[in-house]
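work.txt (compact mmCIF, N, CA and C atoms)
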# COMPACT_ATOMS: atom_id res chain seq x y z
N SER A 22 -191.93 35.61 -22.23
CA SER A 22 -192.15 35.76 -20.78
C SER A 22 -192.19 34.39 -20.14
N ASP A 23 -191.20 33.59 -20.45
CA ASP A 23 -191.17 32.23 -19.92
C ASP A 23 -190.42 32.21 -18.59
N ALA A 24 -190.88 33.03 -17.66
CA ALA A 24 -190.21 33.13 -16.36
C ALA A 24 -190.49 31.89 -15.53
N GLY A 25 -189.50 31.49 -14.76
CA GLY A 25 -189.70 30.36 -13.87
C GLY A 25 -190.55 30.77 -12.68
N VAL A 26 -191.31 29.81 -12.17
CA VAL A 26 -192.05 30.02 -10.93
C VAL A 26 -191.30 29.26 -9.84
N VAL A 27 -190.95 29.98 -8.78
CA VAL A 27 -190.15 29.41 -7.70
C VAL A 27 -190.99 29.37 -6.43
N ARG A 28 -190.96 28.24 -5.73
CA ARG A 28 -191.76 28.10 -4.52
C ARG A 28 -191.17 28.90 -3.36
N LEU A 29 -192.02 29.64 -2.66
CA LEU A 29 -191.63 30.27 -1.41
C LEU A 29 -191.78 29.21 -0.33
N LYS A 30 -190.78 29.09 0.52
CA LYS A 30 -190.83 28.00 1.50
C LYS A 30 -190.68 28.46 2.94
N ASN A 31 -189.95 29.54 3.19
CA ASN A 31 -189.71 29.86 4.59
C ASN A 31 -190.52 31.05 5.08
N ARG A 32 -190.65 31.13 6.39
CA ARG A 32 -191.53 32.10 7.03
C ARG A 32 -191.20 33.55 6.65
N PRO A 33 -189.92 33.95 6.65
CA PRO A 33 -189.64 35.35 6.28
C PRO A 33 -190.15 35.71 4.88
N GLN A 34 -190.12 34.77 3.94
CA GLN A 34 -190.64 35.04 2.59
C GLN A 34 -192.14 35.31 2.65
N PHE A 35 -192.86 34.54 3.45
CA PHE A 35 -194.31 34.72 3.58
C PHE A 35 -194.62 36.05 4.27
N LEU A 36 -193.84 36.36 5.31
CA LEU A 36 -194.06 37.61 6.05
C LEU A 36 -193.79 38.82 5.15
N PHE A 37 -192.78 38.71 4.29
CA PHE A 37 -192.48 39.80 3.35
C PHE A 37 -193.68 40.06 2.45
N VAL A 38 -194.26 39.01 1.90
CA VAL A 38 -195.38 39.17 0.98
C VAL A 38 -196.61 39.73 1.70
N ARG A 39 -196.75 39.36 2.97
CA ARG A 39 -197.89 39.83 3.75
C ARG A 39 -197.90 41.37 3.84
N GLY A 40 -196.74 41.98 3.72
CA GLY A 40 -196.65 43.44 3.76
C GLY A 40 -197.05 44.11 2.45
N GLY A 41 -197.43 43.32 1.45
CA GLY A 41 -197.81 43.88 0.15
C GLY A 41 -199.30 44.14 0.07
N THR A 42 -199.87 43.90 -1.11
CA THR A 42 -201.30 44.12 -1.30
C THR A 42 -202.03 42.79 -1.27
N SER A 43 -203.34 42.83 -1.02
CA SER A 43 -204.09 41.58 -1.05
C SER A 43 -205.39 41.75 -1.83
N GLU A 44 -205.82 40.63 -2.39
CA GLU A 44 -207.07 40.55 -3.14
C GLU A 44 -207.86 39.41 -2.51
N ARG A 45 -209.05 39.71 -2.04
CA ARG A 45 -209.89 38.67 -1.41
C ARG A 45 -210.94 38.18 -2.40
N ARG A 46 -211.07 36.87 -2.50
CA ARG A 46 -212.11 36.26 -3.30
C ARG A 46 -212.80 35.22 -2.43
N ARG A 47 -213.92 34.72 -2.93
CA ARG A 47 -214.68 33.77 -2.13
C ARG A 47 -213.84 32.53 -1.80
N SER A 48 -213.07 32.06 -2.76
CA SER A 48 -212.39 30.78 -2.56
C SER A 48 -210.91 30.92 -2.20
N LEU A 49 -210.38 32.15 -2.15
CA LEU A 49 -208.97 32.30 -1.80
C LEU A 49 -208.66 33.76 -1.51
N VAL A 50 -207.54 33.97 -0.84
CA VAL A 50 -206.98 35.31 -0.70
C VAL A 50 -205.63 35.29 -1.40
N LEU A 51 -205.37 36.33 -2.19
CA LEU A 51 -204.07 36.48 -2.85
C LEU A 51 -203.33 37.63 -2.19
N GLN A 52 -202.09 37.37 -1.77
CA GLN A 52 -201.20 38.45 -1.33
C GLN A 52 -200.06 38.52 -2.33
N ALA A 53 -199.63 39.72 -2.65
CA ALA A 53 -198.56 39.86 -3.63
C ALA A 53 -197.68 41.04 -3.28
N ARG A 54 -196.41 40.91 -3.59
CA ARG A 54 -195.47 42.00 -3.34
C ARG A 54 -194.28 41.87 -4.27
N ARG A 55 -193.87 43.00 -4.84
CA ARG A 55 -192.70 43.00 -5.71
C ARG A 55 -191.44 42.82 -4.90
N ARG A 56 -190.50 42.08 -5.46
CA ARG A 56 -189.22 41.86 -4.77
C ARG A 56 -188.10 42.41 -5.65
N LYS A 57 -187.41 43.41 -5.16
CA LYS A 57 -186.34 44.06 -5.94
C LYS A 57 -185.29 43.05 -6.39
N GLY A 58 -184.91 43.17 -7.64
CA GLY A 58 -183.83 42.33 -8.14
C GLY A 58 -184.26 40.92 -8.52
N SER A 59 -185.53 40.60 -8.30
CA SER A 59 -185.99 39.25 -8.61
C SER A 59 -186.32 39.13 -10.09
N THR A 60 -185.94 38.01 -10.68
CA THR A 60 -186.24 37.77 -12.10
C THR A 60 -187.17 36.58 -12.25
N VAL A 61 -187.79 36.19 -11.14
CA VAL A 61 -188.68 35.03 -11.17
C VAL A 61 -190.04 35.43 -10.60
N ILE A 62 -190.97 34.50 -10.67
CA ILE A 62 -192.26 34.63 -10.00
C ILE A 62 -192.20 33.73 -8.77
N GLY A 63 -192.46 34.29 -7.61
CA GLY A 63 -192.48 33.48 -6.39
C GLY A 63 -193.89 33.06 -6.07
N ALA A 64 -194.07 31.84 -5.57
CA ALA A 64 -195.41 31.36 -5.22
C ALA A 64 -195.38 30.57 -3.93
N GLY A 65 -196.20 30.99 -2.99
CA GLY A 65 -196.34 30.27 -1.73
C GLY A 65 -197.80 29.94 -1.49
N PHE A 66 -198.03 28.90 -0.69
CA PHE A 66 -199.40 28.41 -0.48
C PHE A 66 -199.58 28.13 1.00
N THR A 67 -200.70 28.57 1.56
CA THR A 67 -200.91 28.36 2.98
C THR A 67 -202.38 28.11 3.28
N ALA A 68 -202.60 27.28 4.30
CA ALA A 68 -203.96 26.99 4.76
C ALA A 68 -203.88 26.89 6.27
N THR A 69 -204.63 27.73 6.97
CA THR A 69 -204.56 27.72 8.43
C THR A 69 -205.50 26.66 8.99
N LYS A 70 -205.30 26.36 10.27
CA LYS A 70 -206.10 25.32 10.93
C LYS A 70 -207.58 25.65 10.92
N LYS A 71 -207.91 26.95 10.85
CA LYS A 71 -209.33 27.29 11.00
C LYS A 71 -210.17 26.80 9.82
N ILE A 72 -209.53 26.48 8.69
CA ILE A 72 -210.36 26.02 7.57
C ILE A 72 -210.67 24.53 7.63
N GLY A 73 -209.98 23.81 8.52
CA GLY A 73 -210.33 22.39 8.66
C GLY A 73 -209.14 21.54 9.05
N ASN A 74 -209.36 20.23 9.04
CA ASN A 74 -208.31 19.30 9.46
C ASN A 74 -207.24 19.17 8.38
N ALA A 75 -206.24 18.34 8.65
CA ALA A 75 -205.10 18.23 7.75
C ALA A 75 -205.52 17.77 6.35
N VAL A 76 -206.50 16.87 6.28
CA VAL A 76 -206.95 16.38 4.98
C VAL A 76 -207.52 17.52 4.14
N ILE A 77 -208.37 18.33 4.78
CA ILE A 77 -208.98 19.46 4.07
C ILE A 77 -207.92 20.50 3.70
N ARG A 78 -207.01 20.80 4.64
CA ARG A 78 -205.95 21.79 4.36
C ARG A 78 -205.08 21.33 3.21
N ASN A 79 -204.74 20.05 3.20
CA ASN A 79 -203.89 19.54 2.13
C ASN A 79 -204.60 19.58 0.79
N ARG A 80 -205.88 19.25 0.79
CA ARG A 80 -206.65 19.31 -0.44
C ARG A 80 -206.74 20.75 -0.95
N ALA A 81 -206.97 21.67 -0.03
CA ALA A 81 -207.07 23.09 -0.40
C ALA A 81 -205.74 23.57 -1.00
N LYS A 82 -204.64 23.23 -0.35
CA LYS A 82 -203.33 23.67 -0.86
C LYS A 82 -203.00 23.03 -2.19
N ARG A 83 -203.36 21.75 -2.33
CA ARG A 83 -203.09 21.06 -3.59
C ARG A 83 -203.86 21.73 -4.73
N ARG A 84 -205.11 22.12 -4.48
CA ARG A 84 -205.91 22.79 -5.50
C ARG A 84 -205.33 24.17 -5.83
N LEU A 85 -204.89 24.88 -4.80
CA LEU A 85 -204.28 26.19 -5.05
C LEU A 85 -203.01 26.04 -5.88
N ARG A 86 -202.21 25.04 -5.55
CA ARG A 86 -200.96 24.82 -6.31
C ARG A 86 -201.25 24.52 -7.77
N GLU A 87 -202.24 23.67 -8.01
CA GLU A 87 -202.56 23.29 -9.39
C GLU A 87 -203.12 24.49 -10.16
N ALA A 88 -203.98 25.27 -9.51
CA ALA A 88 -204.53 26.46 -10.17
C ALA A 88 -203.41 27.45 -10.49
N ALA A 89 -202.50 27.63 -9.54
CA ALA A 89 -201.40 28.58 -9.75
C ALA A 89 -200.46 28.08 -10.86
N ARG A 90 -200.29 26.77 -10.94
CA ARG A 90 -199.44 26.21 -11.99
C ARG A 90 -199.99 26.57 -13.37
N GLN A 91 -201.32 26.58 -13.48
CA GLN A 91 -201.95 26.93 -14.75
C GLN A 91 -201.96 28.43 -15.00
N LEU A 92 -202.16 29.22 -13.94
CA LEU A 92 -202.46 30.64 -14.14
C LEU A 92 -201.28 31.59 -13.97
N LEU A 93 -200.32 31.24 -13.12
CA LEU A 93 -199.21 32.18 -12.92
C LEU A 93 -198.41 32.44 -14.19
N PRO A 94 -198.17 31.42 -15.02
CA PRO A 94 -197.43 31.71 -16.26
C PRO A 94 -198.18 32.69 -17.16
N LEU A 95 -199.51 32.75 -17.05
CA LEU A 95 -200.30 33.66 -17.88
C LEU A 95 -200.43 35.04 -17.25
N HIS A 96 -200.65 35.09 -15.93
CA HIS A 96 -201.03 36.35 -15.29
C HIS A 96 -200.05 36.83 -14.23
N GLY A 97 -199.08 35.99 -13.85
CA GLY A 97 -198.13 36.41 -12.83
C GLY A 97 -197.12 37.38 -13.41
N LYS A 98 -196.65 38.30 -12.56
CA LYS A 98 -195.66 39.28 -12.97
C LYS A 98 -194.28 38.84 -12.49
N VAL A 99 -193.31 38.87 -13.42
CA VAL A 99 -191.92 38.56 -13.04
C VAL A 99 -191.48 39.57 -11.99
N GLY A 100 -190.71 39.09 -11.00
CA GLY A 100 -190.24 39.98 -9.96
C GLY A 100 -191.25 40.18 -8.84
N THR A 101 -192.34 39.41 -8.88
CA THR A 101 -193.37 39.51 -7.85
C THR A 101 -193.50 38.17 -7.14
N ASP A 102 -193.65 38.24 -5.83
CA ASP A 102 -193.93 37.05 -5.03
C ASP A 102 -195.42 37.03 -4.71
N TYR A 103 -196.02 35.86 -4.84
CA TYR A 103 -197.45 35.69 -4.57
C TYR A 103 -197.63 34.65 -3.46
N VAL A 104 -198.54 34.93 -2.55
CA VAL A 104 -198.95 33.92 -1.57
C VAL A 104 -200.45 33.71 -1.72
N PHE A 105 -200.84 32.45 -1.86
CA PHE A 105 -202.24 32.06 -2.01
C PHE A 105 -202.70 31.45 -0.70
N ILE A 106 -203.74 32.05 -0.11
CA ILE A 106 -204.22 31.60 1.19
C ILE A 106 -205.58 30.94 1.01
N ALA A 107 -205.67 29.71 1.49
CA ALA A 107 -206.92 28.96 1.37
C ALA A 107 -207.98 29.56 2.30
N ARG A 108 -209.23 29.48 1.86
CA ARG A 108 -210.37 29.85 2.69
C ARG A 108 -211.26 28.63 2.86
N MET A 109 -212.35 28.79 3.63
CA MET A 109 -213.26 27.67 3.87
C MET A 109 -213.68 26.98 2.58
N GLU A 110 -213.93 27.76 1.54
CA GLU A 110 -214.49 27.23 0.29
C GLU A 110 -213.45 26.54 -0.60
N THR A 111 -212.17 26.76 -0.35
CA THR A 111 -211.15 26.37 -1.32
C THR A 111 -211.20 24.88 -1.66
N ALA A 112 -211.42 24.06 -0.65
CA ALA A 112 -211.35 22.60 -0.86
C ALA A 112 -212.57 22.06 -1.58
N THR A 113 -213.68 22.78 -1.53
CA THR A 113 -214.96 22.21 -2.00
C THR A 113 -215.57 22.95 -3.19
N ILE A 114 -215.20 24.19 -3.42
CA ILE A 114 -215.83 24.99 -4.47
C ILE A 114 -215.56 24.36 -5.83
N GLY A 115 -216.44 24.60 -6.78
CA GLY A 115 -216.22 24.06 -8.13
C GLY A 115 -214.87 24.50 -8.68
N TRP A 116 -214.22 23.60 -9.41
CA TRP A 116 -212.86 23.87 -9.91
C TRP A 116 -212.81 25.11 -10.79
N GLN A 117 -213.79 25.26 -11.69
CA GLN A 117 -213.79 26.43 -12.58
C GLN A 117 -213.94 27.72 -11.79
N ARG A 118 -214.75 27.67 -10.74
CA ARG A 118 -214.94 28.87 -9.92
C ARG A 118 -213.63 29.24 -9.21
N LEU A 119 -212.91 28.23 -8.74
CA LEU A 119 -211.61 28.48 -8.11
C LEU A 119 -210.65 29.13 -9.11
N LEU A 120 -210.60 28.57 -10.31
CA LEU A 120 -209.74 29.16 -11.35
C LEU A 120 -210.16 30.60 -11.65
N ASP A 121 -211.46 30.83 -11.76
CA ASP A 121 -211.95 32.19 -12.05
C ASP A 121 -211.56 33.16 -10.94
N ASP A 122 -211.71 32.72 -9.68
CA ASP A 122 -211.34 33.58 -8.56
C ASP A 122 -209.86 33.93 -8.59
N MET A 123 -209.03 32.92 -8.83
CA MET A 123 -207.59 33.16 -8.84
C MET A 123 -207.21 34.07 -10.01
N GLU A 124 -207.80 33.80 -11.17
CA GLU A 124 -207.49 34.61 -12.34
C GLU A 124 -207.89 36.06 -12.10
N SER A 125 -209.08 36.27 -11.56
CA SER A 125 -209.55 37.62 -11.32
C SER A 125 -208.67 38.34 -10.29
N ALA A 126 -208.22 37.62 -9.26
CA ALA A 126 -207.34 38.23 -8.24
C ALA A 126 -206.00 38.61 -8.85
N LEU A 127 -205.43 37.73 -9.69
CA LEU A 127 -204.15 38.02 -10.33
C LEU A 127 -204.26 39.22 -11.27
N ILE A 128 -205.35 39.27 -12.04
CA ILE A 128 -205.53 40.37 -12.98
C ILE A 128 -205.72 41.69 -12.24
N SER A 129 -206.56 41.70 -11.19
CA SER A 129 -206.75 42.94 -10.42
C SER A 129 -205.44 43.43 -9.85
N HIS A 130 -204.65 42.49 -9.33
CA HIS A 130 -203.38 42.90 -8.74
C HIS A 130 -202.46 43.50 -9.79
N ALA A 131 -202.40 42.86 -10.96
CA ALA A 131 -201.54 43.37 -12.04
C ALA A 131 -201.98 44.76 -12.47
N GLN A 132 -203.28 45.00 -12.47
CA GLN A 132 -203.79 46.34 -12.86
C GLN A 132 -203.44 47.38 -11.80
N GLN A 133 -203.47 46.98 -10.55
CA GLN A 133 -203.07 47.91 -9.48
C GLN A 133 -201.64 48.37 -9.67
N ILE A 134 -200.75 47.40 -10.00
CA ILE A 134 -199.34 47.75 -10.16
C ILE A 134 -199.16 48.69 -11.33
N SER A 135 -199.75 48.31 -12.49
CA SER A 135 -199.49 49.08 -13.70
C SER A 135 -200.28 50.39 -13.70
N GLY A 136 -201.49 50.35 -13.15
CA GLY A 136 -202.33 51.53 -13.21
C GLY A 136 -202.17 52.46 -12.03
N GLY A 137 -201.46 51.99 -11.00
CA GLY A 137 -201.33 52.79 -9.79
C GLY A 137 -200.14 53.73 -9.83
N THR A 138 -199.86 54.32 -8.70
CA THR A 138 -198.76 55.29 -8.62
C THR A 138 -197.46 54.60 -8.24
N GLY A 139 -197.52 53.29 -8.14
CA GLY A 139 -196.33 52.55 -7.73
C GLY A 139 -196.32 52.27 -6.26
N HIS A 140 -197.22 52.89 -5.51
CA HIS A 140 -197.30 52.58 -4.08
C HIS A 140 -198.26 51.44 -3.88
N THR A 141 -197.85 50.46 -3.08
CA THR A 141 -198.77 49.35 -2.81
C THR A 141 -199.25 49.44 -1.39
What does the file become when written as structure tokens?
Amino acid sequence: SDAGVVRLKNRPQFLFVRGGTSERRRSLVLQARRRKGSTVIGAGFTATKKIGNAVIRNRAKRRLREAARQLLPLHGKVGTDYVFIARMETATIGWQRLLDDMESALISHAQQISGGTGHT
């Protein structure tokens, strides 16, 4: 399962994922949606102005990217696009807690897909 992780970059890709399911955690929100015909894992990262200035937003996104780099190869599903949304805590929360939150969100989402009726 050595699928490549591909960065989502444009607005329509983010809007598409927003129509999927979401998992809220203290330090991040995960949105995910399956993309027909995709053989990769998509990953996008966003931080809105409400969480802080550019320095804080950049730090939050950098932490999300690093966490996703570690965790998506383990818990991401091929053919699924993921968007990680920073929250107030993302830039400051302990690193292990951030990893735990992301891991738990990815696992819950994967269980929804496999254990559900296929409707998201």
Q: Write out as a list of chain:residue names which residues come within 9 Å of stretch 109-115 of chain A when counting only C-alpha atoms, dropping same-chain ones fewer than 3 positions away.
A: A:Arg47, A:Ser48, A:Leu49, A:Lys71, A:Ile72, A:Gly73, A:Ile77, A:Arg78, A:Asn79, A:Arg80, A:Ala81, A:Lys82, A:Arg83, A:Arg84, A:Leu85, A:Arg118, A:Leu119, A:Leu120
Q) Residues around (-209.2, 42.2, -4.9), cut-off 12 Å, counting only C-alpha atoms - what are they as a list in words? A)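 Residues with an atom close enough to that point: Thr42, Ser43, Glu44, Arg45, Arg46, Arg47, Leu49, Val50, Leu51, Gln52, Ala53, Asp122, Met123, Glu124, Ser125, Ala126, Leu127, Ile128, Ser129, His130, Ala131, Gln132 and Gln133 of chain A.
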Q: Would you please extract all helix (DSSP H, G or I) residues from chain A, as assigned by DSSP on the backbone, and give them as an MDAnalysis selection string?
A: chainID A and resid 32:39 70:72 75:96 116:136
Please, what is the axis-aligned box for every listed atom of stretch 62-73 of chain A with 8 Å on each side, as centre and edge lengths in Å to one decimal, as JSON?
{"center_x": -200.8, "center_y": 28.1, "center_z": 0.2, "size_x": 35.7, "size_y": 29.1, "size_z": 37.7}
(Q) DSSP on the backbone, strand (DSSP E) only: what residues of stretch 69-118 of chain A does that give? Format it as a PyMOL selection string. (A) chain A and resi 101-107
Q: Excluding A:Leu36 and any residue of its chain fewer than 5 positions from it, enumerate the residues within 12 Å of it, using only C-alpha atoms, and give them as a count of residues only.
A: 12
**Q.** Residues near A:Val26, cut-off 6.5 Å, only N, CA and C atoms, skip fewer than 3 positions along chain, as an MDAnalysis selection string
**A.** chainID A and resid 61:64
(Q) Would you pick out the contacts of A:Ser59 at 8 Å or less, using only N, CA and C atoms, so that residues sharing its chain but fewer than 2 positions from it are not included, and give the list as number ranges by chain? (A) A: 55-57, 61-62, 99-101
Same residues, N, CA and C atoms, output as a PDB file, in the coordinates of the input:
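Dumped everything to out-v6.pdb:
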ATOM      1  N   ARG A  55    -193.870  43.000  -4.840  1.00  0.00           N
ATOM      2  CA  ARG A  55    -192.700  43.000  -5.710  1.00  0.00           C
ATOM      3  C   ARG A  55    -191.440  42.820  -4.900  1.00  0.00           C
ATOM      4  N   ARG A  56    -190.500  42.080  -5.460  1.00  0.00           N
ATOM      5  CA  ARG A  56    -189.220  41.860  -4.770  1.00  0.00           C
ATOM      6  C   ARG A  56    -188.100  42.410  -5.650  1.00  0.00           C
ATOM      7  N   LYS A  57    -187.410  43.410  -5.160  1.00  0.00           N
ATOM      8  CA  LYS A  57    -186.340  44.060  -5.940  1.00  0.00           C
ATOM      9  C   LYS A  57    -185.290  43.050  -6.390  1.00  0.00           C
ATOM     10  N   VAL A  61    -187.790  36.190 -11.140  1.00  0.00           N
ATOM     11  CA  VAL A  61    -188.680  35.030 -11.170  1.00  0.00           C
ATOM     12  C   VAL A  61    -190.040  35.430 -10.600  1.00  0.00           C
ATOM     13  N   ILE A  62    -190.970  34.500 -10.670  1.00  0.00           N
ATOM     14  CA  ILE A  62    -192.260  34.630 -10.000  1.00  0.00           C
ATOM     15  C   ILE A  62    -192.200  33.730  -8.770  1.00  0.00           C
ATOM     16  N   VAL A  99    -193.310  38.870 -13.420  1.00  0.00           N
ATOM     17  CA  VAL A  99    -191.920  38.560 -13.040  1.00  0.00           C
ATOM     18  C   VAL A  99    -191.480  39.570 -11.990  1.00  0.00           C
ATOM     19  N   GLY A 100    -190.710  39.090 -11.000  1.00  0.00           N
ATOM     20  CA  GLY A 100    -190.240  39.980  -9.960  1.00  0.00           C
ATOM     21  C   GLY A 100    -191.250  40.180  -8.840  1.00  0.00           C
ATOM     22  N   THR A 101    -192.340  39.410  -8.880  1.00  0.00           N
ATOM     23  CA  THR A 101    -193.370  39.510  -7.850  1.00  0.00           C
ATOM     24  C   THR A 101    -193.500  38.170  -7.140  1.00  0.00           C
TER      25      THR A 101
END
